[in-house]
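coords-v3.csv follows; it contains CSV, C-alpha atoms.
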chain,number,residue,atom,x,y,z
A,1,SER,CA,0.0,0.0,0.0
A,2,ALA,CA,1.0,3.6,-0.1
A,3,ALA,CA,2.1,3.5,3.5
A,4,HIS,CA,5.1,1.4,2.5
A,5,LEU,CA,6.5,4.2,0.3
A,6,PRO,CA,8.4,7.3,1.5
A,7,ARG,CA,6.1,10.2,2.2
A,8,THR,CA,8.3,13.1,1.3
A,9,PRO,CA,10.0,14.2,-2.0
A,10,PRO,CA,13.6,13.0,-2.4
A,11,PRO,CA,16.2,15.7,-1.9
A,12,HIS,CA,17.1,15.9,-5.6
A,13,THR,CA,13.6,17.0,-6.5
A,14,SER,CA,14.6,20.7,-6.4
A,15,LEU,CA,17.1,20.0,-9.1
A,16,ALA,CA,14.6,19.3,-11.9
A,17,THR,CA,16.5,21.1,-14.6
A,18,PRO,CA,17.5,20.5,-18.2
A,19,PRO,CA,20.5,18.3,-18.8
A,20,SER,CA,22.8,21.2,-19.3
A,21,GLN,CA,21.9,22.7,-15.9
A,22,PRO,CA,23.5,22.6,-12.4
A,23,LEU,CA,25.6,19.6,-11.5
A,24,GLN,CA,24.9,17.5,-14.6
A,25,VAL,CA,27.8,18.4,-16.9
A,26,THR,CA,30.8,19.6,-14.8
A,27,HIS,CA,29.3,18.8,-11.4
A,28,SER,CA,29.8,22.5,-10.5
A,29,PHE,CA,26.7,24.6,-10.0
A,30,ARG,CA,28.4,27.8,-11.1
A,31,ARG,CA,30.1,26.3,-14.2
A,32,ASP,CA,27.0,24.3,-15.3
A,33,HIS,CA,24.7,27.3,-14.9
A,34,LEU,CA,27.1,29.5,-16.9
A,35,VAL,CA,27.1,26.9,-19.7
A,36,GLY,CA,23.3,26.9,-19.7
A,37,SER,CA,23.1,30.7,-19.6
A,38,LEU,CA,25.6,31.0,-22.5
A,39,LEU,CA,23.3,28.7,-24.6
A,40,SER,CA,20.7,31.5,-24.5
A,41,ALA,CA,22.6,32.9,-27.5
A,42,PHE,CA,21.5,29.8,-29.5
A,43,MET,CA,17.9,29.3,-28.3
A,44,GLY,CA,16.7,32.8,-27.1
A,45,LEU,CA,15.4,31.4,-23.9
A,46,SER,CA,16.3,32.2,-20.3
A,47,VAL,CA,17.7,29.1,-18.4
A,48,GLY,CA,17.2,31.0,-15.2
A,49,TRP,CA,13.5,31.4,-15.8
A,50,TRP,CA,13.2,27.7,-16.9
A,51,LYS,CA,14.9,26.5,-13.8
A,52,SER,CA,12.6,28.6,-11.5
A,53,ASP,CA,9.5,27.6,-13.4
A,54,HIS,CA,10.3,24.0,-13.9
A,55,ASN,CA,11.6,23.4,-10.3
A,56,THR,CA,8.3,24.7,-9.0
A,57,HIS,CA,6.3,22.5,-11.4
A,58,HIS,CA,8.1,19.4,-10.2
A,59,VAL,CA,7.4,20.1,-6.5
A,60,VAL,CA,3.7,21.1,-7.0
A,61,CYS,CA,2.8,19.3,-10.2
A,62,ASN,CA,-0.8,20.0,-11.3
A,63,ALA,CA,-1.6,22.1,-8.2
A,64,VAL,CA,-4.1,24.7,-9.3
A,65,GLU,CA,-2.8,27.6,-7.2
A,66,HIS,CA,0.9,26.7,-7.4
A,67,ASP,CA,2.0,25.0,-10.6
A,68,PRO,CA,2.9,27.6,-13.3
A,69,ASN,CA,2.6,25.0,-16.0
A,70,ILE,CA,-1.2,24.8,-15.7
A,71,GLN,CA,-1.8,28.5,-15.1
A,72,HIS,CA,-2.7,29.8,-18.6
A,73,LEU,CA,-5.7,32.0,-18.2
A,74,PRO,CA,-7.1,33.7,-20.1
A,75,MET,CA,-6.3,31.3,-23.0
A,76,LEU,CA,-6.6,27.9,-21.4
A,77,ALA,CA,-7.9,26.0,-18.4
A,78,ILE,CA,-7.3,22.3,-18.1
A,79,THR,CA,-9.8,21.8,-15.3
A,80,ASP,CA,-12.9,23.6,-14.0
A,81,LYS,CA,-11.1,23.9,-10.7
A,82,VAL,CA,-9.3,26.9,-12.2
A,83,PHE,CA,-12.6,28.9,-12.3
A,84,ARG,CA,-14.7,27.1,-9.7
A,85,ARG,CA,-14.0,30.0,-7.4
A,86,PRO,CA,-14.3,33.7,-8.6
A,87,ARG,CA,-10.6,34.0,-8.2
A,88,PHE,CA,-7.6,32.4,-6.5
A,89,TRP,CA,-4.1,33.5,-5.5
A,90,ASP,CA,-1.4,32.3,-7.9
A,91,THR,CA,1.5,31.7,-5.6
A,92,TYR,CA,4.1,31.5,-8.4
A,93,HIS,CA,3.2,34.7,-10.3
A,94,ARG,CA,2.0,36.3,-7.0
A,95,LYS,CA,-1.3,37.7,-8.2
A,96,TRP,CA,-5.0,37.1,-8.1
A,97,VAL,CA,-6.4,35.1,-11.1
A,98,GLY,CA,-10.0,34.7,-12.2
A,99,MET,CA,-12.3,34.8,-15.2
A,100,ASP,CA,-13.4,37.9,-17.1
A,101,ASP,CA,-15.4,38.2,-20.3
A,102,ALA,CA,-12.3,37.6,-22.5
A,103,ALA,CA,-11.1,34.6,-20.5
A,104,HIS,CA,-14.7,33.2,-20.4
A,105,TRP,CA,-15.0,33.3,-24.2
A,106,LEU,CA,-11.5,31.9,-24.9
A,107,VAL,CA,-11.6,29.0,-22.4
A,108,SER,CA,-15.1,28.1,-23.7
A,109,HIS,CA,-13.6,27.5,-27.1
A,110,GLN,CA,-10.1,26.3,-26.1
A,111,HIS,CA,-10.6,22.8,-27.5
A,112,LEU,CA,-11.0,24.3,-31.0
A,113,PHE,CA,-7.9,26.5,-31.1
A,114,PHE,CA,-5.5,24.5,-28.8
A,115,TYR,CA,-3.4,22.9,-31.5
A,116,PRO,CA,-3.0,26.1,-33.6
A,117,LEU,CA,-2.1,27.9,-30.4
A,118,MET,CA,0.7,25.5,-29.8
A,119,ALA,CA,2.3,26.8,-33.0
A,120,LEU,CA,2.8,30.1,-31.2
A,121,GLY,CA,4.0,28.5,-27.9
A,122,ARG,CA,7.7,29.4,-28.4
A,123,TRP,CA,6.9,33.1,-28.5
A,124,ASN,CA,5.4,32.8,-25.0
A,125,LEU,CA,8.6,31.2,-23.8
A,126,TYR,CA,10.6,34.2,-25.1
A,127,ALA,CA,8.2,36.6,-23.3
A,128,GLN,CA,8.3,34.7,-20.0
A,129,GLY,CA,12.1,34.6,-20.0
A,130,LEU,CA,12.4,38.3,-20.7
A,131,ILE,CA,9.8,39.1,-18.0
A,132,TYR,CA,11.7,37.0,-15.5
A,133,LEU,CA,15.1,38.5,-16.3
A,134,LEU,CA,13.8,42.1,-16.3
A,135,THR,CA,11.7,41.8,-13.1
A,136,GLN,CA,13.8,39.2,-11.2
A,137,PRO,CA,10.9,37.6,-9.2
A,138,ASP,CA,13.2,34.8,-8.1
A,139,LYS,CA,16.9,34.3,-7.5
A,140,THR,CA,18.6,35.0,-10.8
A,141,HIS,CA,22.1,33.8,-11.8
A,142,PHE,CA,24.1,35.3,-14.8
A,143,ARG,CA,21.2,37.7,-15.6
A,144,LYS,CA,23.4,40.0,-17.8
A,145,THR,CA,24.9,37.0,-19.6
A,146,GLU,CA,21.4,35.7,-20.5
A,147,LEU,CA,20.2,39.1,-21.6
A,148,ALA,CA,23.2,39.5,-23.8
A,149,GLY,CA,22.8,36.0,-25.2
A,150,ILE,CA,19.1,36.6,-26.0
A,151,ALA,CA,20.1,39.8,-27.8
A,152,VAL,CA,22.6,37.9,-29.9
A,153,TYR,CA,20.0,35.3,-30.7
A,154,PHE,CA,17.4,37.8,-31.9
A,155,GLY,CA,20.0,39.6,-33.8
A,156,TRP,CA,21.0,36.4,-35.5
A,157,VAL,CA,17.4,35.5,-36.3
A,158,LEU,CA,16.6,39.0,-37.5
A,159,GLY,CA,19.7,39.1,-39.7
A,160,THR,CA,18.8,35.7,-41.2
A,161,ALA,CA,15.3,36.8,-41.9
A,162,LEU,CA,16.3,40.1,-43.5
A,163,SER,CA,18.8,38.3,-45.8
A,164,MET,CA,15.9,36.6,-47.6
A,165,PRO,CA,14.7,37.9,-51.0
A,166,SER,CA,11.3,39.1,-49.9
A,167,TRP,CA,9.3,40.1,-46.8
A,168,ALA,CA,6.9,37.2,-47.5
A,169,GLU,CA,9.8,34.7,-47.3
A,170,SER,CA,11.2,36.4,-44.2
A,171,VAL,CA,7.9,36.3,-42.3
A,172,GLY,CA,7.1,32.8,-43.6
A,173,TRP,CA,10.4,31.4,-42.5
A,174,VAL,CA,10.2,33.0,-39.0
A,175,MET,CA,6.6,31.8,-38.4
A,176,LEU,CA,7.0,28.3,-39.9
A,177,SER,CA,10.3,27.6,-38.0
A,178,HIS,CA,8.6,28.6,-34.7
A,179,ALA,CA,5.4,26.7,-35.6
A,180,VAL,CA,7.4,23.5,-35.9
A,181,ALA,CA,8.3,23.9,-32.2
A,182,GLY,CA,4.6,23.5,-31.5
A,183,ILE,CA,5.1,19.7,-31.7
A,184,LEU,CA,7.5,19.9,-28.8
A,185,HIS,CA,5.0,22.0,-26.8
A,186,VAL,CA,2.3,19.4,-27.3
A,187,GLN,CA,4.7,16.7,-26.1
A,188,ILE,CA,5.5,18.6,-23.0
A,189,VAL,CA,1.9,19.3,-21.8
A,190,LEU,CA,0.7,15.9,-22.9
A,191,SER,CA,2.0,14.1,-19.9
A,192,HIS,CA,0.1,16.2,-17.3
A,193,TRP,CA,-2.9,18.0,-18.7
A,194,SER,CA,-5.2,15.0,-18.8
A,195,MET,CA,-4.2,13.8,-15.4
A,196,HIS,CA,-5.4,14.6,-11.9
A,197,THR,CA,-5.3,18.2,-10.6
A,198,TYR,CA,-5.8,19.3,-7.1
A,199,GLU,CA,-6.4,22.4,-5.0
A,200,GLY,CA,-4.3,23.4,-1.9
A,201,ARG,CA,-1.3,21.3,-1.1
A,202,ALA,CA,-0.3,17.7,-1.4
A,203,TYR,CA,1.9,15.4,0.7
A,204,ASN,CA,-0.5,15.4,3.7
A,205,GLY,CA,-0.4,11.6,4.4
A,206,ALA,CA,-0.2,8.2,2.9
A,207,ASP,CA,-2.9,8.7,0.3
A,208,ASP,CA,-1.2,11.7,-1.3
A,209,GLU,CA,2.5,11.2,-0.5
A,210,TRP,CA,5.2,12.0,-3.0
A,211,TYR,CA,5.1,8.9,-5.2
A,212,VAL,CA,1.3,8.6,-5.2
A,213,THR,CA,0.9,12.2,-6.2
A,214,THR,CA,3.5,11.8,-8.9
A,215,MET,CA,1.6,8.8,-10.4
A,216,ARG,CA,-1.7,10.7,-10.2
A,217,THR,CA,-0.6,13.8,-11.9
A,218,THR,CA,1.8,12.4,-14.5
A,219,MET,CA,1.6,9.9,-17.3
A,220,ASN,CA,4.0,8.4,-19.8
A,221,VAL,CA,3.5,8.1,-23.6
A,222,ALA,CA,4.1,4.6,-25.1
A,223,THR,CA,6.5,4.9,-28.0
A,224,PRO,CA,8.8,2.4,-29.7
A,225,PRO,CA,12.6,2.6,-29.0
A,226,TRP,CA,13.4,3.6,-32.5
A,227,LEU,CA,11.4,6.8,-32.1
A,228,ASP,CA,13.3,7.9,-28.9
A,229,TRP,CA,15.2,10.4,-31.0
A,230,VAL,CA,11.9,12.1,-31.8
A,231,HIS,CA,10.4,12.2,-28.3
A,232,ILE,CA,13.9,12.9,-26.7
A,233,GLY,CA,12.9,11.4,-23.4
A,234,LEU,CA,9.8,13.6,-22.9
A,235,GLN,CA,7.6,10.5,-23.2
A,236,PHE,CA,9.0,9.2,-19.8
A,237,GLN,CA,7.7,12.0,-17.6
A,238,ILE,CA,6.9,9.6,-14.7
A,239,GLU,CA,10.5,8.6,-14.4
A,240,HIS,CA,11.7,12.1,-15.0
A,241,HIS,CA,9.5,13.4,-12.1
A,242,LEU,CA,10.6,10.6,-9.8
A,243,PHE,CA,14.3,11.0,-10.6
A,244,PRO,CA,14.8,14.5,-12.2
A,245,ARG,CA,18.6,14.2,-12.5
A,246,LEU,CA,18.5,10.8,-14.3
A,247,PRO,CA,20.0,11.3,-17.8
A,248,ARG,CA,17.4,10.9,-20.6
A,249,HIS,CA,19.2,7.9,-22.2
A,250,ASN,CA,18.5,5.9,-19.0
A,251,LEU,CA,14.8,6.8,-18.7
A,252,ARG,CA,13.6,3.8,-20.8
A,253,ILE,CA,15.6,1.5,-18.6
A,254,ALA,CA,14.2,3.1,-15.5
A,255,ARG,CA,10.7,2.8,-16.9
A,256,ASP,CA,10.8,-0.9,-16.7
A,257,MET,CA,12.0,-0.8,-13.1
A,258,VAL,CA,9.5,1.8,-12.0
A,259,ARG,CA,6.6,0.0,-13.7
A,260,GLU,CA,7.4,-3.2,-11.9
A,261,VAL,CA,7.4,-1.5,-8.5
A,262,VAL,CA,4.2,0.4,-9.2
A,263,GLU,CA,2.4,-2.7,-10.3
A,264,ALA,CA,3.6,-4.6,-7.2
A,265,HIS,CA,2.2,-2.0,-4.9
A,266,PHE,CA,-0.9,-1.0,-6.9
A,267,PRO,CA,-2.1,-3.9,-9.1
A,268,ALA,CA,-4.4,-2.7,-11.9
A,269,GLY,CA,-8.0,-3.3,-10.9
A,270,SER,CA,-7.3,-3.6,-7.2
A,271,ALA,CA,-9.5,-1.8,-4.7
A,272,GLU,CA,-6.6,0.2,-3.5
A,273,CYS,CA,-5.7,1.3,-7.0
A,274,LYS,CA,-9.2,2.3,-7.8
A,275,ARG,CA,-9.4,4.3,-4.6
A,276,LEU,CA,-6.2,6.2,-5.0
A,277,PHE,CA,-6.0,6.8,-8.8
A,278,PRO,CA,-8.9,8.6,-10.7
A,279,LEU,CA,-8.2,6.5,-13.8
A,280,GLY,CA,-8.3,3.2,-12.0
A,281,VAL,CA,-4.7,2.5,-13.0
A,282,ALA,CA,-1.5,3.7,-11.3
A,283,TYR,CA,0.9,3.6,-14.2
A,284,HIS,CA,-0.9,5.3,-17.1
A,285,GLU,CA,0.9,5.0,-20.5
A,286,PRO,CA,-1.3,5.5,-23.6
A,287,GLY,CA,0.1,5.9,-27.1
A,288,PHE,CA,0.9,9.4,-28.5
A,289,PHE,CA,-2.4,9.7,-30.4
A,290,ALA,CA,-4.5,8.2,-27.7
A,291,GLY,CA,-2.9,10.5,-25.2
A,292,ASN,CA,-3.7,13.5,-27.4
A,293,LEU,CA,-7.3,12.4,-27.6
A,294,GLU,CA,-7.5,12.1,-23.8
A,295,MET,CA,-6.0,15.6,-23.4
A,296,TRP,CA,-8.3,17.1,-26.0
A,297,ARG,CA,-11.3,15.6,-24.3
A,298,VAL,CA,-10.2,17.2,-21.0
A,299,LEU,CA,-9.8,20.6,-22.6
A,300,ARG,CA,-13.3,20.2,-24.2
A,301,SER,CA,-14.8,19.2,-20.8
A,302,ALA,CA,-13.3,22.3,-19.2
A,303,ALA,CA,-14.5,24.4,-22.1
A,304,TYR,CA,-18.1,23.2,-21.7
A,305,ALA,CA,-17.9,23.8,-17.9
A,306,ALA,CA,-16.5,27.3,-18.5
A,307,ARG,CA,-19.6,28.3,-20.5
A,308,GLY,CA,-21.6,28.2,-17.3
A,309,ALA,CA,-18.9,29.8,-15.1
A,310,LYS,CA,-19.5,33.1,-13.3
A,311,ARG,CA,-17.4,36.1,-14.1
A,312,GLY,CA,-14.4,36.7,-11.8
A,313,GLU,CA,-12.5,39.9,-10.9
A,314,HIS,CA,-9.3,39.3,-12.8
A,315,GLY,CA,-8.3,37.7,-16.1
A,316,PHE,CA,-6.8,39.0,-19.4
A,317,TRP,CA,-5.3,42.2,-18.0
A,318,GLN,CA,-3.4,40.1,-15.3
A,319,SER,CA,-2.5,37.1,-17.5
A,320,ALA,CA,0.9,35.8,-18.6
A,321,LEU,CA,-0.1,36.6,-22.2
A,322,TRP,CA,-0.8,40.2,-21.5
A,323,GLU,CA,2.3,40.6,-19.5
A,324,GLY,CA,4.3,39.0,-22.4
A,325,MET,CA,2.8,41.5,-24.9
A,326,SER,CA,3.4,44.5,-22.7
A,327,LEU,CA,6.7,43.2,-21.1
A,328,ALA,CA,5.2,44.1,-17.7
A,329,GLY,CA,5.9,42.4,-14.4
Encoding of this model in structure tokens:
Amino acid sequence: SAAHLPRTPPPHTSLATPPSQPLQVTHSFRRDHLVGSLLSAFMGLSVGWWKSDHNTHHVVCNAVEHDPNIQHLPMLAITDKVFRRPRFWDTYHRKWVGMDDAAHWLVSHQHLFFYPLMALGRWNLYAQGLIYLLTQPDKTHFRKTELAGIAVYFGWVLGTALSMPSWAESVGWVMLSHAVAGILHVQIVLSHWSMHTYEGRAYNGADDEWYVTTMRTTMNVATPPWLDWVHIGLQFQIEHHLFPRLPRHNLRIARDMVREVVEAHFPAGSAECKRLFPLGVAYHEPGFFAGNLEMWRVLRSAAYAARGAKRGEHGFWQSALWEGMSLAG
């Protein structure tokens, strides 16, 4: 039963960072962070922001008030828990969040524009990184290095675009190259958005201790080994959340080990499994297209629920999208 498993997150949970980040390359926090920050010149993204955002996501995965990875009003809401109350305090962005007329309309139709929206996802990452570096809401390392690197990146992209024969080709190249990244954004959100969400805090007892909460809020995506180069380890989010510093080339090996342990503690169809896991199975691993269908149905369900939601006090003018457009904190 759940009582036989540790009830608190392992110490390395706070190190849920990309492979180039602290302690994974040179085993020196400062040197590894510097390497990651210098890479901003090649990707235009803030590693400091990613570390802050992603570490928080790992600790409070799918928590309505705390996980920045599911806080996307006014555009999206993955559960009616987001607008069940007129508003709630977003602890990561430190602001009140709720529904207004714009958010009400957008969320009510989110299942229709979700996939086209993912084609614009990379622009949101640019905005979030710049907001983070300019406002410094969290501890920031190598801030000037990242700002300089991002400037180099956009100079490089702009120079490449302007070298093309026509404006149509320039705009087409920029938009298409960023739209392709939408596939990556779908892969990232796929492993959480159709899973269990919760309000308040977890880790209160045996029924929602660390490992149980991880299995509730995270799923894998079943893929053949020969496609690992496409999914780059993102299909093994269960193992990644349990062991954040495990190199991605070992995630498939860890999958077999974790699955064996989970099935030993929570056999599919058992009363304990049905009681603890909303889907009735502890280790959820649909295929890529089946997983997308599950996620789309969740978005559609939340959209239908939003159509009957009451207007809140906040929304578009205090959203991540608006802040990104205005570069406000």
Q: Pick out the residues sitting within 12 Å of A:Leu276, and hand them over as a PyMOL selection string; count only C-alpha atoms, and ignore anything fewer than 3 positions along from it in its own chain.
A: chain A and resi 1-2+196+206-209+211-217+265-273+279-283
So that I can check the surroundings of A:Phe83, please list as a PDB file with C-alpha atoms, keeping the file's coordinate frame every protein, DNA and RNA residue that reaches within 7 Å of it, counting only C-alpha atoms and ignoring chain neighbours fewer than 6 positions away.
ATOM      1  CA  GLY A  98     -10.000  34.700 -12.200  1.00  0.00           C
ATOM      2  CA  MET A  99     -12.300  34.800 -15.200  1.00  0.00           C
ATOM      3  CA  ALA A 309     -18.900  29.800 -15.100  1.00  0.00           C
TER       4      ALA A 309
END
Q: Using all atoms listed in the file, determine which residues lie at most 9 Å from stretch 185-195 of chain A, disregarding the query and same-chain residues fewer than 5 positions distant; provide the list as a ChimeraX atom specification.
A: /A:61-62,69-70,78-79,115,118-119,121-122,216-221,231,234-238,278-279,288,291-292,294-299
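The residue that comes closest to A:Gln128, out of A:Val60, A:Ala222, A:Val47, A:Ala151 and on the basis of all atoms listed in the file, is A:Val47.
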Q.
Every residue with an atom at most 12 Å from (16.6, 34.3, -12.4) (file coordinates; only C-alpha atoms) is what I'm after, so could you write them as a PyMOL selection string?
A. chain A and resi 33+37+45-53+128-147
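For the pair atom CA of A:Gly182 and atom CA of A:Trp226, the interatomic distance is 21.8 Å.
Computed from the coordinates, the atom CA of A:Val59 to atom CA of A:Tyr92 distance equals 12.0 Å.
Closest approach to A:Ala302 among A:Val82, A:Val157, A:Ala103, A:Ala179: A:Val82, based on all atoms listed in the file.
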**Q.** Point-to-point distance in Å for atom CA of A:Ile150 and atom CA of A:Met43
**A.** 7.7 Å
